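Shown below: data36.cif, with mmCIF, C-alpha atoms and all ligand atoms.
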data_work
loop_
_atom_site.label_atom_id
_atom_site.label_comp_id
_atom_site.auth_asym_id
_atom_site.auth_seq_id
_atom_site.Cartn_x
_atom_site.Cartn_y
_atom_site.Cartn_z
CA MET A 1 70.54 76.42 85.75
CA THR A 2 71.35 78.02 82.41
CA THR A 3 74.04 75.43 81.65
CA THR A 4 74.64 71.84 82.65
CA SER A 5 78.25 72.08 81.47
CA LYS A 6 80.91 70.80 83.83
CA ASN A 7 83.57 72.89 82.10
CA PRO A 8 84.90 75.76 84.23
CA GLU A 9 85.32 78.06 81.22
CA THR A 10 81.57 77.80 80.55
CA ILE A 11 80.46 77.82 84.20
CA GLY A 12 82.31 81.10 84.85
CA LEU A 13 80.09 82.78 82.25
CA HIS A 14 76.84 80.82 82.38
CA GLY A 15 76.73 78.97 85.72
CA GLY A 16 73.69 79.43 87.93
CA THR A 17 70.21 80.60 87.03
CA TYR A 18 70.99 84.12 85.76
CA ARG A 19 70.50 84.51 82.01
CA LYS A 20 69.34 88.11 81.69
CA ASP A 21 67.82 90.79 83.84
CA GLU A 22 64.10 90.07 83.71
CA SER A 23 62.98 93.70 83.61
CA GLN A 24 65.59 95.28 81.27
CA THR A 25 67.06 92.17 79.51
CA SER A 26 70.64 93.23 80.30
CA VAL A 27 73.17 90.45 79.87
CA ALA A 28 75.80 91.66 82.35
CA VAL A 29 74.72 90.88 85.90
CA PRO A 30 73.21 94.11 87.28
CA ILE A 31 74.42 95.62 90.55
CA HIS A 32 71.40 95.50 92.84
CA GLN A 33 72.60 98.27 95.11
CA THR A 34 69.64 98.11 97.46
CA THR A 35 69.23 97.38 101.12
CA SER A 36 65.62 96.20 100.98
CA TYR A 37 62.98 94.58 98.80
CA GLN A 38 59.30 95.46 98.49
CA PHE A 39 57.14 92.55 99.70
CA ASN A 40 54.16 91.53 97.52
CA SER A 41 51.75 91.41 100.46
CA ALA A 42 51.63 91.04 104.21
CA GLN A 43 51.33 87.28 103.76
CA HIS A 44 54.34 87.17 101.43
CA ALA A 45 56.42 89.03 104.03
CA ALA A 46 55.26 86.67 106.79
CA ASN A 47 56.13 83.64 104.65
CA LEU A 48 59.63 84.96 103.95
CA PHE A 49 60.33 85.71 107.61
CA GLY A 50 58.85 82.37 108.67
CA LEU A 51 61.05 80.52 106.12
CA LYS A 52 57.92 79.12 104.47
CA GLU A 53 59.29 80.40 101.19
CA PHE A 54 62.67 81.77 100.14
CA GLY A 55 63.06 85.24 98.65
CA ASN A 56 64.74 88.59 99.10
CA ILE A 57 64.22 90.24 102.47
CA TYR A 58 67.23 92.42 103.21
CA THR A 59 70.74 92.64 101.69
CA ARG A 60 72.44 91.63 104.93
CA ILE A 61 71.03 88.15 104.28
CA MET A 62 70.73 87.92 100.49
CA ASN A 63 71.00 89.99 97.33
CA PRO A 64 70.33 89.15 93.64
CA THR A 65 73.81 90.22 92.42
CA THR A 66 75.45 88.23 95.20
CA ASN A 67 73.12 85.32 94.46
CA THR A 68 74.53 84.99 90.93
CA LEU A 69 78.06 84.90 92.33
CA GLU A 70 77.00 82.29 94.90
CA GLU A 71 75.38 80.08 92.27
CA ARG A 72 78.29 80.32 89.85
CA VAL A 73 81.03 79.54 92.36
CA ALA A 74 78.92 76.69 93.77
CA ALA A 75 78.61 75.31 90.21
CA LEU A 76 82.34 75.75 89.63
CA GLU A 77 83.06 73.68 92.74
CA GLY A 78 80.40 71.05 91.95
CA GLY A 79 78.44 72.05 95.06
CA VAL A 80 74.74 72.64 95.59
CA ALA A 81 74.61 76.11 97.15
CA GLY A 82 76.87 78.98 98.14
CA LEU A 83 76.91 81.79 100.67
CA CYS A 84 78.99 84.92 100.13
CA VAL A 85 80.40 86.87 103.05
CA SER A 86 82.44 90.03 103.38
CA SER A 87 85.90 88.40 103.27
CA GLY A 88 87.76 85.13 103.29
CA GLN A 89 88.40 85.67 107.00
CA ALA A 90 84.67 85.94 107.63
CA ALA A 91 84.20 82.70 105.68
CA SER A 92 86.83 80.94 107.84
CA ALA A 93 85.12 82.17 111.01
CA PHE A 94 81.62 81.27 109.78
CA VAL A 95 82.48 77.73 108.72
CA VAL A 96 83.56 76.99 112.28
CA GLN A 97 80.99 79.08 114.17
CA ASN A 98 78.20 77.40 112.22
CA LEU A 99 78.82 74.10 114.00
CA CYS A 100 80.66 75.05 117.19
CA SER A 101 79.69 76.47 120.57
CA THR A 102 81.77 77.04 123.69
CA GLY A 103 83.37 73.77 124.81
CA ASP A 104 83.47 72.26 121.32
CA ASN A 105 86.59 71.59 119.29
CA ILE A 106 87.74 71.31 115.71
CA ILE A 107 90.79 69.63 114.22
CA ALA A 108 92.80 71.81 111.85
CA SER A 109 95.74 71.07 109.62
CA THR A 110 99.01 72.64 110.77
CA ASP A 111 99.42 73.95 107.20
CA LEU A 112 97.29 77.09 107.23
CA TYR A 113 97.29 80.73 106.17
CA GLY A 114 98.70 82.86 109.03
CA GLY A 115 95.46 84.84 109.40
CA THR A 116 93.54 81.61 109.88
CA VAL A 117 96.01 80.52 112.56
CA ASN A 118 95.46 83.82 114.39
CA LEU A 119 91.70 83.40 114.17
CA PHE A 120 91.86 79.81 115.38
CA SER A 121 94.53 80.07 118.07
CA ASN A 122 93.42 83.36 119.60
CA THR A 123 89.94 84.61 118.69
CA LEU A 124 88.17 81.24 118.56
CA LYS A 125 90.04 80.18 121.68
CA SER A 126 88.78 83.28 123.50
CA MET A 127 85.25 82.20 122.52
CA GLY A 128 85.79 78.78 124.06
CA VAL A 129 86.30 76.83 120.83
CA GLU A 130 89.42 74.70 120.95
CA VAL A 131 91.45 74.16 117.79
CA ARG A 132 93.55 70.99 117.78
CA TYR A 133 96.28 70.95 115.14
CA ALA A 134 97.24 67.85 113.18
CA ASP A 135 100.22 67.56 110.82
CA PRO A 136 98.91 66.23 107.48
CA VAL A 137 102.20 64.43 106.85
CA ASP A 138 100.50 61.52 108.58
CA THR A 139 96.70 61.46 108.22
CA LYS A 140 96.39 59.31 111.35
CA ASN A 141 97.19 62.47 113.29
CA PHE A 142 93.62 63.65 112.57
CA GLU A 143 91.96 60.46 113.79
CA LYS A 144 93.89 60.56 117.07
CA LEU A 145 92.49 63.98 118.04
CA ILE A 146 88.78 63.22 117.56
CA ASP A 147 86.56 63.15 120.64
CA GLU A 148 82.81 63.48 121.16
CA LYS A 149 83.02 67.30 120.99
CA THR A 150 84.83 67.43 117.63
CA ARG A 151 82.55 69.15 115.13
CA LEU A 152 84.65 69.49 111.98
CA ILE A 153 88.04 69.11 110.35
CA TYR A 154 89.55 72.15 108.61
CA ALA A 155 92.31 72.28 106.00
CA GLU A 156 93.69 74.22 103.03
CA VAL A 157 94.17 72.54 99.65
CA LEU A 158 97.42 74.33 98.79
CA PRO A 159 98.62 76.14 101.89
CA ASN A 160 101.45 78.58 101.73
CA PRO A 161 104.26 78.73 102.62
CA SER A 162 104.65 74.93 102.76
CA LEU A 163 102.79 74.36 99.46
CA ARG A 164 102.11 70.77 100.49
CA VAL A 165 98.82 69.65 98.90
CA PHE A 166 96.41 68.38 101.55
CA PRO A 167 95.31 64.71 101.51
CA ILE A 168 91.63 65.58 100.98
CA LYS A 169 90.11 62.15 100.43
CA GLU A 170 92.18 60.42 103.07
CA VAL A 171 91.10 62.88 105.78
CA ALA A 172 87.48 63.25 104.55
CA ASP A 173 87.20 59.47 104.90
CA ILE A 174 88.41 59.65 108.50
CA GLY A 175 85.69 62.14 109.46
CA LYS A 176 82.70 60.69 107.61
CA PRO A 177 81.94 57.64 109.80
CA HIS A 178 81.99 59.94 112.84
CA GLY A 179 79.67 62.51 111.23
CA ILE A 180 82.55 65.01 111.07
CA PRO A 181 82.65 67.07 107.85
CA LEU A 182 85.88 68.12 106.17
CA VAL A 183 85.89 71.86 105.44
CA VAL A 184 88.46 72.87 102.86
CA ASP A 185 89.83 76.31 101.99
CA ASN A 186 90.37 76.14 98.22
CA THR A 187 91.47 79.77 97.80
CA ALA A 188 94.74 78.89 96.04
CA CYS A 189 93.29 76.33 93.64
CA PRO A 190 89.99 77.34 92.01
CA VAL A 191 89.43 75.39 88.77
CA ILE A 192 92.50 73.17 89.25
CA CYS A 193 91.15 71.37 92.32
CA LYS A 194 87.59 70.24 93.00
CA PRO A 195 87.68 69.23 96.70
CA ILE A 196 84.05 68.07 96.70
CA GLU A 197 84.92 65.36 94.16
CA HIS A 198 87.46 64.10 96.69
CA GLY A 199 85.07 64.02 99.64
CA ALA A 200 85.13 67.53 101.16
CA ALA A 201 81.73 68.41 102.62
CA ILE A 202 82.19 72.18 102.60
CA VAL A 203 84.50 74.34 100.47
CA MET A 204 85.39 77.96 101.13
CA HIS A 205 87.35 80.62 99.27
CA SER A 206 88.75 84.01 99.82
CA LEU A 207 87.20 85.52 96.66
CA THR A 208 89.76 88.29 97.06
CA LYS A 209 92.39 86.11 95.36
CA PHE A 210 92.28 84.11 92.11
CA ILE A 211 88.50 84.17 91.64
CA GLY A 212 88.32 87.97 91.80
CA GLY A 213 91.73 88.12 90.16
CA HIS A 214 91.83 91.87 89.58
CA GLY A 215 92.86 92.73 93.13
CA ASN A 216 90.06 95.25 93.62
CA SER A 217 87.53 93.63 95.98
CA ILE A 218 87.52 91.64 99.20
CA GLY A 219 85.03 88.79 99.56
CA GLY A 220 84.55 85.25 100.76
CA ILE A 221 82.31 82.31 99.98
CA ILE A 222 81.18 79.06 101.60
CA ILE A 223 79.92 76.23 99.39
CA ASP A 224 77.90 73.26 100.54
CA SER A 225 78.47 69.98 98.66
CA GLY A 226 74.94 68.92 99.57
CA ASN A 227 76.14 65.36 100.02
CA PHE A 228 77.36 65.16 103.60
CA ASP A 229 75.43 62.73 105.81
CA TRP A 230 74.63 64.92 108.81
CA SER A 231 72.38 62.26 110.30
CA ILE A 232 75.01 59.56 110.81
CA ASN A 233 75.49 60.68 114.43
CA LYS A 234 72.96 63.36 115.38
CA ASP A 235 74.57 64.00 118.79
CA ARG A 236 77.72 65.02 116.94
CA GLN A 237 76.10 68.10 115.36
CA PRO A 238 73.82 69.86 117.86
CA ASN A 239 73.58 73.00 115.67
CA ILE A 240 72.00 70.90 112.94
CA TRP A 241 69.84 68.59 115.09
CA LYS A 242 68.89 70.46 118.28
CA PRO A 243 65.92 72.88 118.14
CA ASP A 244 67.11 76.42 117.42
CA PRO A 245 65.52 78.86 119.89
CA SER A 246 66.33 81.78 117.58
CA TYR A 247 63.87 80.34 115.00
CA HIS A 248 61.00 79.10 117.17
CA GLY A 249 62.73 75.77 117.79
CA VAL A 250 63.34 74.79 114.17
CA VAL A 251 65.57 71.73 113.64
CA TRP A 252 67.67 72.66 110.60
CA GLY A 253 68.48 69.07 109.70
CA ASP A 254 64.76 68.34 109.25
CA ALA A 255 63.41 71.68 108.05
CA VAL A 256 65.89 72.59 105.31
CA PRO A 257 65.57 69.43 103.18
CA GLN A 258 61.77 69.77 103.46
CA LEU A 259 61.84 73.42 102.46
CA THR A 260 64.49 73.34 99.72
CA GLY A 261 64.58 69.72 98.59
CA ALA A 262 68.35 69.83 99.13
CA ASN A 263 70.62 68.47 101.83
CA ILE A 264 71.95 71.91 102.78
CA PRO A 265 71.02 72.52 106.44
CA TYR A 266 74.58 73.70 107.06
CA LEU A 267 74.48 76.41 104.42
CA VAL A 268 70.97 77.64 105.17
CA ARG A 269 71.79 77.89 108.87
CA ALA A 270 74.93 79.90 108.07
CA ARG A 271 72.82 82.34 106.06
CA VAL A 272 69.75 82.79 108.22
CA VAL A 273 71.45 82.57 111.62
CA LEU A 274 75.07 83.72 111.25
CA LEU A 275 74.63 86.34 108.52
CA ARG A 276 71.48 87.57 110.23
CA ASP A 277 73.22 87.86 113.62
CA LEU A 278 76.82 88.71 112.76
CA GLY A 279 76.13 90.68 109.60
CA SER A 280 79.33 90.03 107.62
CA ALA A 281 77.58 90.60 104.29
CA ILE A 282 79.49 91.24 101.06
CA SER A 283 78.50 94.47 99.30
CA PRO A 284 76.61 93.99 96.01
CA PHE A 285 79.25 96.14 94.29
CA ASN A 286 82.05 93.81 95.42
CA ALA A 287 79.97 90.81 94.34
CA PHE A 288 79.64 92.42 90.88
CA GLN A 289 83.39 93.06 90.68
CA ILE A 290 84.16 89.49 91.67
CA ILE A 291 81.73 88.19 89.03
CA GLN A 292 83.88 89.99 86.40
CA GLY A 293 86.84 87.99 87.67
CA LEU A 294 84.92 84.74 87.86
CA GLU A 295 84.06 85.02 84.16
CA THR A 296 87.72 84.52 83.20
CA VAL A 297 89.15 82.59 86.14
CA ALA A 298 89.47 79.34 84.15
CA LEU A 299 91.53 81.07 81.47
CA ARG A 300 93.64 82.91 84.00
CA MET A 301 94.41 79.77 86.00
CA LYS A 302 95.86 78.17 82.85
CA GLN A 303 98.19 81.13 82.35
CA HIS A 304 99.06 81.38 86.07
CA CYS A 305 100.03 77.70 86.14
CA ALA A 306 101.89 77.68 82.82
CA ASN A 307 103.91 80.72 83.90
CA ALA A 308 104.61 79.16 87.30
CA GLU A 309 106.10 76.07 85.61
CA LYS A 310 108.48 78.23 83.59
CA VAL A 311 109.43 80.38 86.59
CA LYS A 312 110.01 77.30 88.73
CA ASP A 313 112.35 75.78 86.12
CA PHE A 314 114.26 79.06 85.87
CA LEU A 315 114.61 79.50 89.65
CA LYS A 316 115.70 75.91 90.20
CA LYS A 317 118.78 76.60 88.09
CA HIS A 318 119.56 80.03 89.58
CA SER A 319 122.78 80.18 91.60
CA LYS A 320 121.34 82.65 94.17
CA VAL A 321 118.38 80.42 95.01
CA GLN A 322 119.02 77.77 97.65
CA LYS A 323 115.68 76.06 97.33
CA VAL A 324 112.46 76.33 95.34
CA ILE A 325 109.27 75.28 97.11
CA TYR A 326 106.48 74.26 94.73
CA SER A 327 103.60 71.80 94.95
CA THR A 328 105.20 69.18 92.70
CA LEU A 329 108.75 69.58 94.03
CA HIS A 330 108.06 67.83 97.34
CA LYS A 331 109.55 64.37 97.46
CA GLY A 332 107.53 61.17 97.73
CA GLU A 333 103.86 61.05 98.67
CA ILE A 334 103.47 64.82 99.14
CA GLY A 335 104.68 65.58 95.61
CA GLU A 336 102.49 62.76 94.32
CA ARG A 337 99.47 64.32 96.03
CA ALA A 338 99.91 67.45 93.92
CA LYS A 339 99.63 65.35 90.80
CA ARG A 340 96.66 63.42 92.19
CA TYR A 341 94.61 66.38 93.39
CA LEU A 342 95.52 69.20 90.99
CA LYS A 343 94.43 69.02 87.36
CA GLY A 344 95.37 71.37 84.54
CA GLY A 345 98.26 72.93 86.46
CA TYR A 346 99.98 72.85 89.81
CA GLY A 347 99.25 76.29 91.12
CA ALA A 348 100.67 79.80 90.91
CA LEU A 349 102.20 79.92 94.38
CA MET A 350 105.88 79.30 94.87
CA GLY A 351 108.48 79.88 97.54
CA ILE A 352 112.18 80.53 97.28
CA GLU A 353 114.78 80.37 99.97
CA LEU A 354 117.62 82.77 99.42
CA GLU A 355 121.19 82.48 100.48
CA GLY A 356 121.73 85.12 103.17
CA GLY A 357 118.49 84.67 105.12
CA LEU A 358 116.48 87.65 106.36
CA GLU A 359 118.65 90.38 104.82
CA ALA A 360 118.80 88.65 101.43
CA GLY A 361 115.00 88.23 101.50
CA LYS A 362 114.41 91.92 102.19
CA LYS A 363 116.99 93.05 99.62
CA PHE A 364 115.42 90.86 96.96
CA ILE A 365 111.98 92.32 97.67
CA ASP A 366 113.32 95.87 97.50
CA SER A 367 115.02 95.15 94.16
CA LEU A 368 111.91 93.95 92.32
CA LYS A 369 110.76 96.37 89.63
CA MET A 370 107.70 94.75 88.04
CA LEU A 371 106.48 92.32 90.68
CA TYR A 372 104.37 94.04 93.32
CA HIS A 373 105.32 93.78 96.97
CA VAL A 374 101.92 93.20 98.55
CA ALA A 375 100.17 91.08 101.19
CA ASN A 376 98.04 89.23 98.69
CA ILE A 377 98.04 86.22 96.42
CA GLY A 378 96.13 85.35 93.28
CA ASP A 379 96.18 88.73 91.58
CA ALA A 380 96.53 88.78 87.78
CA ARG A 381 99.80 90.65 88.47
CA SER A 382 102.82 88.79 89.85
CA LEU A 383 103.33 89.42 93.56
CA ALA A 384 106.03 88.84 96.15
CA ILE A 385 106.27 89.08 99.91
CA HIS A 386 108.64 88.17 102.72
CA PRO A 387 106.39 86.29 105.20
CA ALA A 388 108.73 86.29 108.23
CA SER A 389 108.58 90.09 108.47
CA THR A 390 104.98 90.57 107.26
CA THR A 391 102.09 88.09 106.88
CA HIS A 392 103.45 85.65 109.45
CA SER A 393 105.10 88.18 111.80
CA GLN A 394 102.41 87.74 114.49
CA LEU A 395 103.13 84.03 114.84
CA SER A 396 105.37 82.67 117.59
CA ASP A 397 108.74 81.20 116.57
CA LYS A 398 107.29 77.75 117.16
CA ASP A 399 104.27 78.44 114.92
CA LEU A 400 106.57 80.00 112.30
CA ALA A 401 108.71 76.91 112.16
CA ALA A 402 105.61 74.71 112.05
CA ALA A 403 104.29 76.79 109.14
CA GLY A 404 107.59 76.32 107.29
CA VAL A 405 108.62 79.99 107.27
CA THR A 406 112.39 80.37 107.33
CA PRO A 407 114.01 83.85 107.57
CA GLY A 408 115.04 83.83 103.89
CA TYR A 409 111.74 82.57 102.51
CA VAL A 410 110.12 84.73 99.83
CA ARG A 411 106.60 83.90 98.64
CA LEU A 412 105.78 84.43 94.99
CA SER A 413 102.34 84.50 93.42
CA ILE A 414 102.98 84.16 89.72
CA GLY A 415 100.67 86.28 87.60
CA ILE A 416 99.52 86.23 83.99
CA GLU A 417 102.04 88.64 82.44
CA HIS A 418 104.34 87.20 79.78
CA SER A 419 106.61 84.65 81.48
CA ASP A 420 109.74 86.25 79.95
CA ASP A 421 108.99 89.50 81.76
CA ILE A 422 108.37 87.79 85.11
CA ILE A 423 111.62 85.86 84.79
CA ALA A 424 113.57 88.97 83.76
CA ASP A 425 112.39 90.87 86.84
CA LEU A 426 113.18 87.98 89.19
CA ASP A 427 116.60 87.56 87.60
CA GLN A 428 117.59 91.22 87.95
CA ALA A 429 116.38 91.28 91.58
CA LEU A 430 118.32 88.11 92.43
CA ASN A 431 121.46 89.55 90.83
CA THR A 432 121.21 92.96 92.51
N1 LIG B 501 92.39 81.85 103.14
C1 LIG B 501 93.55 81.97 102.50
C2 LIG B 501 94.22 80.75 101.97
C3 LIG B 501 94.14 83.22 102.32
O1 LIG B 501 95.32 83.33 101.68
C4 LIG B 501 93.49 84.36 102.82
C5 LIG B 501 94.08 85.71 102.69
O2 LIG B 501 95.22 85.87 102.35
C6 LIG B 501 92.27 84.19 103.50
C7 LIG B 501 91.74 82.93 103.62
C8 LIG B 501 91.54 85.38 104.05
O3 LIG B 501 90.91 86.04 102.99
P1 LIG B 501 90.55 87.60 102.98
O4 LIG B 501 91.83 88.34 102.83
O5 LIG B 501 89.63 87.72 101.81
O6 LIG B 501 89.88 87.89 104.27
#

Could you express the structure from this file as structure tokens?
Ligand code: PLP
Amino acid sequence: MTTTSKNPETIGLHGGTYRKDESQTSVAVPIHQTTSYQFNSAQHAANLFGLKEFGNIYTRIMNPTTNTLEERVAALEGGVAGLCVSSGQAASAFVVQNLCSTGDNIIASTDLYGGTVNLFSNTLKSMGVEVRYADPVDTKNFEKLIDEKTRLIYAEVLPNPSLRVFPIKEVADIGKPHGIPLVVDNTACPVICKPIEHGAAIVMHSLTKFIGGHGNSIGGIIIDSGNFDWSINKDRQPNIWKPDPSYHGVVWGDAVPQLTGANIPYLVRARVVLLRDLGSAISPFNAFQIIQGLETVALRMKQHCANAEKVKDFLKKHSKVQKVIYSTLHKGEIGERAKRYLKGGYGALMGIELEGGLEAGKKFIDSLKMLYHVANIGDARSLAIHPASTTHSQLSDKDLAAAGVTPGYVRLSIGIEHSDDIIADLDQALNT
């Protein structure tokens, strides 16, 4: 590590082992646009393939540019190791596939990104993995769904559109005695939430959003806290404790701590089995682009959150807005959770419900002049979308209602422009 700092501003620039390029001394992380790596000798190659030592083999499985991104985001999250993949969707699929086979189940929060719901309710189902949904309003809902085939619990820290912060510690504590890890999607809250500190075993991000920030590259990452006790019930996690025939019968739970000195069998298995077999590698160029975003994500999050506060206060008073949905505006325990789990700001995501339902939502979107109308969040630019007709349009009416999408709901991702300009554009669109 080049820094032991716990401050996100410093980690974004110095986290991980990269200090300079060893051959040319360049400070900016080079783009290693290569597929392959020359082995030192036949023995060296055999050792790498036999997992007797770690090193570069082939960019589908690892790459030096990507490695810097993995180390820095892992440091940002307070984890031990990271694995980049081609998109946030690939990360969501990998985190489940890494522990589940046909006949297994996971328990997922009902508050999820629509794409994750599609993946879970359709694609994973077709592969024989059952997803059981629990409403986080009452954390006991998670406990009730556990059986001997439950491999993990999955949630999002700040899911949209509900924007109800997830009870991370409460649910992590339910899983731990059973040997069930909590996997948390922290896409909406880099820097302002550290799920590992609250008990999450695994954290994932769509790097496409706030971490990349510039809206130019798709990517995903999985981070291993390194502190989950996989051995508490070995029958619970066959992918960690049963011999793996694809690696001459290796038992990841035993071999990885011996090889790396770290409790990261989950992450190493995801790399050397899933990335090897499924091939959802991020390109080194995208990893480089996302590193440029990572260098300033701590600064940007401050501006995103400060702007969001001002926009929220403005919208709350606006006569055309029926309701503002924001992490701290929920009543009671859910609003309190935002204050407990988010530090340094309460997020950039916001919802508004407009008088006039579907038509009012569409008219508002069409009237925006500065805000972009895009299917994305977490860009440096302010963004807006109408979920019922776009991102959530493939969900059934029942799933839509469960996700909190009403016909007049508009999702806003508040950017880092001057707050006066964001407010002026929203105001003119509301008054059109
Ligand atoms: N998780 C969340 C919370 C998201 O919002 C998204 C995309 O919108 C994803 C995962 C999927 O990420 P990607 O678009 O990088 O595949």

With the cut-off set at 12 Å and counting only C-alpha atoms, tabulate each residue of range 119-186 of chain A with an atom at most that distance from an atom of range 373-388 of chain A, showing the nearest atom pair and its distance in Å to one decimal, ordered by chain and increasing number, as a Markdown table.
| residue | atom | partner | partner_atom | distance |
| --- | --- | --- | --- | --- |
| A:Pro159 | CA | A:Ile377 | CA | 11.5 |
| A:Asn160 | CA | A:Pro387 | CA | 9.8 |
| A:Pro161 | CA | A:Pro387 | CA | 8.3 |
| A:Ser162 | CA | A:Pro387 | CA | 11.7 |
| A:Asn186 | CA | A:Gly378 | CA | 11.9 |

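Candidate residues A:Lys6, A:Val129, A:Leu99, A:Lys140 were compared for distance to Trp252 in chain A, and the nearest is A:Leu99, using only C-alpha atoms.
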
Item to complete: For CA of Thr296 in chain A and CA of Ala200 in chain A, determine how far apart the two atoms are, in Å to one decimal place.
Response: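 One can read the CA of Thr296 in chain A to CA of Ala200 in chain A distance as 24.9 Å.
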
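Nearest residue to ligand LIG 501 (chain B), choosing from A:Glu53, A:Glu70, A:Asp185, A:Glu130 and counting all atoms listed in the file: A:Asp185.
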
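Counting only C-alpha atoms, Asn263 in chain A has the following residues at most 8 Å away, ignoring those fewer than 4 positions along the same chain: Gly226, Asn227, Phe228, Val256 and Pro257 of chain A.
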
Only C-alpha atoms, please: the residues just picked out, written as a PDB file, in the frame of the given file.
ATOM      1  CA  GLY A 226      74.940  68.920  99.570  1.00  0.00           C
ATOM      2  CA  ASN A 227      76.140  65.360 100.020  1.00  0.00           C
ATOM      3  CA  PHE A 228      77.360  65.160 103.600  1.00  0.00           C
ATOM      4  CA  VAL A 256      65.890  72.590 105.310  1.00  0.00           C
ATOM      5  CA  PRO A 257      65.570  69.430 103.180  1.00  0.00           C
TER       6      PRO A 257
END

Fill in: Proximity to Ser217 in chain A - best of A:Thr150, A:Arg236, A:Gln289, A:Thr260, only C-alpha atoms
A:Gln289

Worksheet entry | 7 Å contact set for range 18-23 of chain A, all atoms listed in the file, chain neighbours under 4 positions out, as a VMD selection string | chain A and resid 2 27 68

Let me have the centre and edge lengths in Å, one decimal, of the box along x, y and z around every listed atom of ligand LIG 501 (chain B) with 4 Å of margin on each side, as JSON.
{"center_x": 92.5, "center_y": 84.5, "center_z": 103.0, "size_x": 13.7, "size_y": 15.6, "size_z": 10.6}

Worksheet item: Could you state the separation of CA of Glu336 in chain A and CA of Pro195 in chain A in Å, given to one decimal place?
Response: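 Calculated distance between CA of Glu336 in chain A and CA of Pro195 in chain A is 16.3 Å.
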
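The spacing separating CA of Ala308 in chain A from CA of Ile414 in chain A amounts to 5.8 Å.
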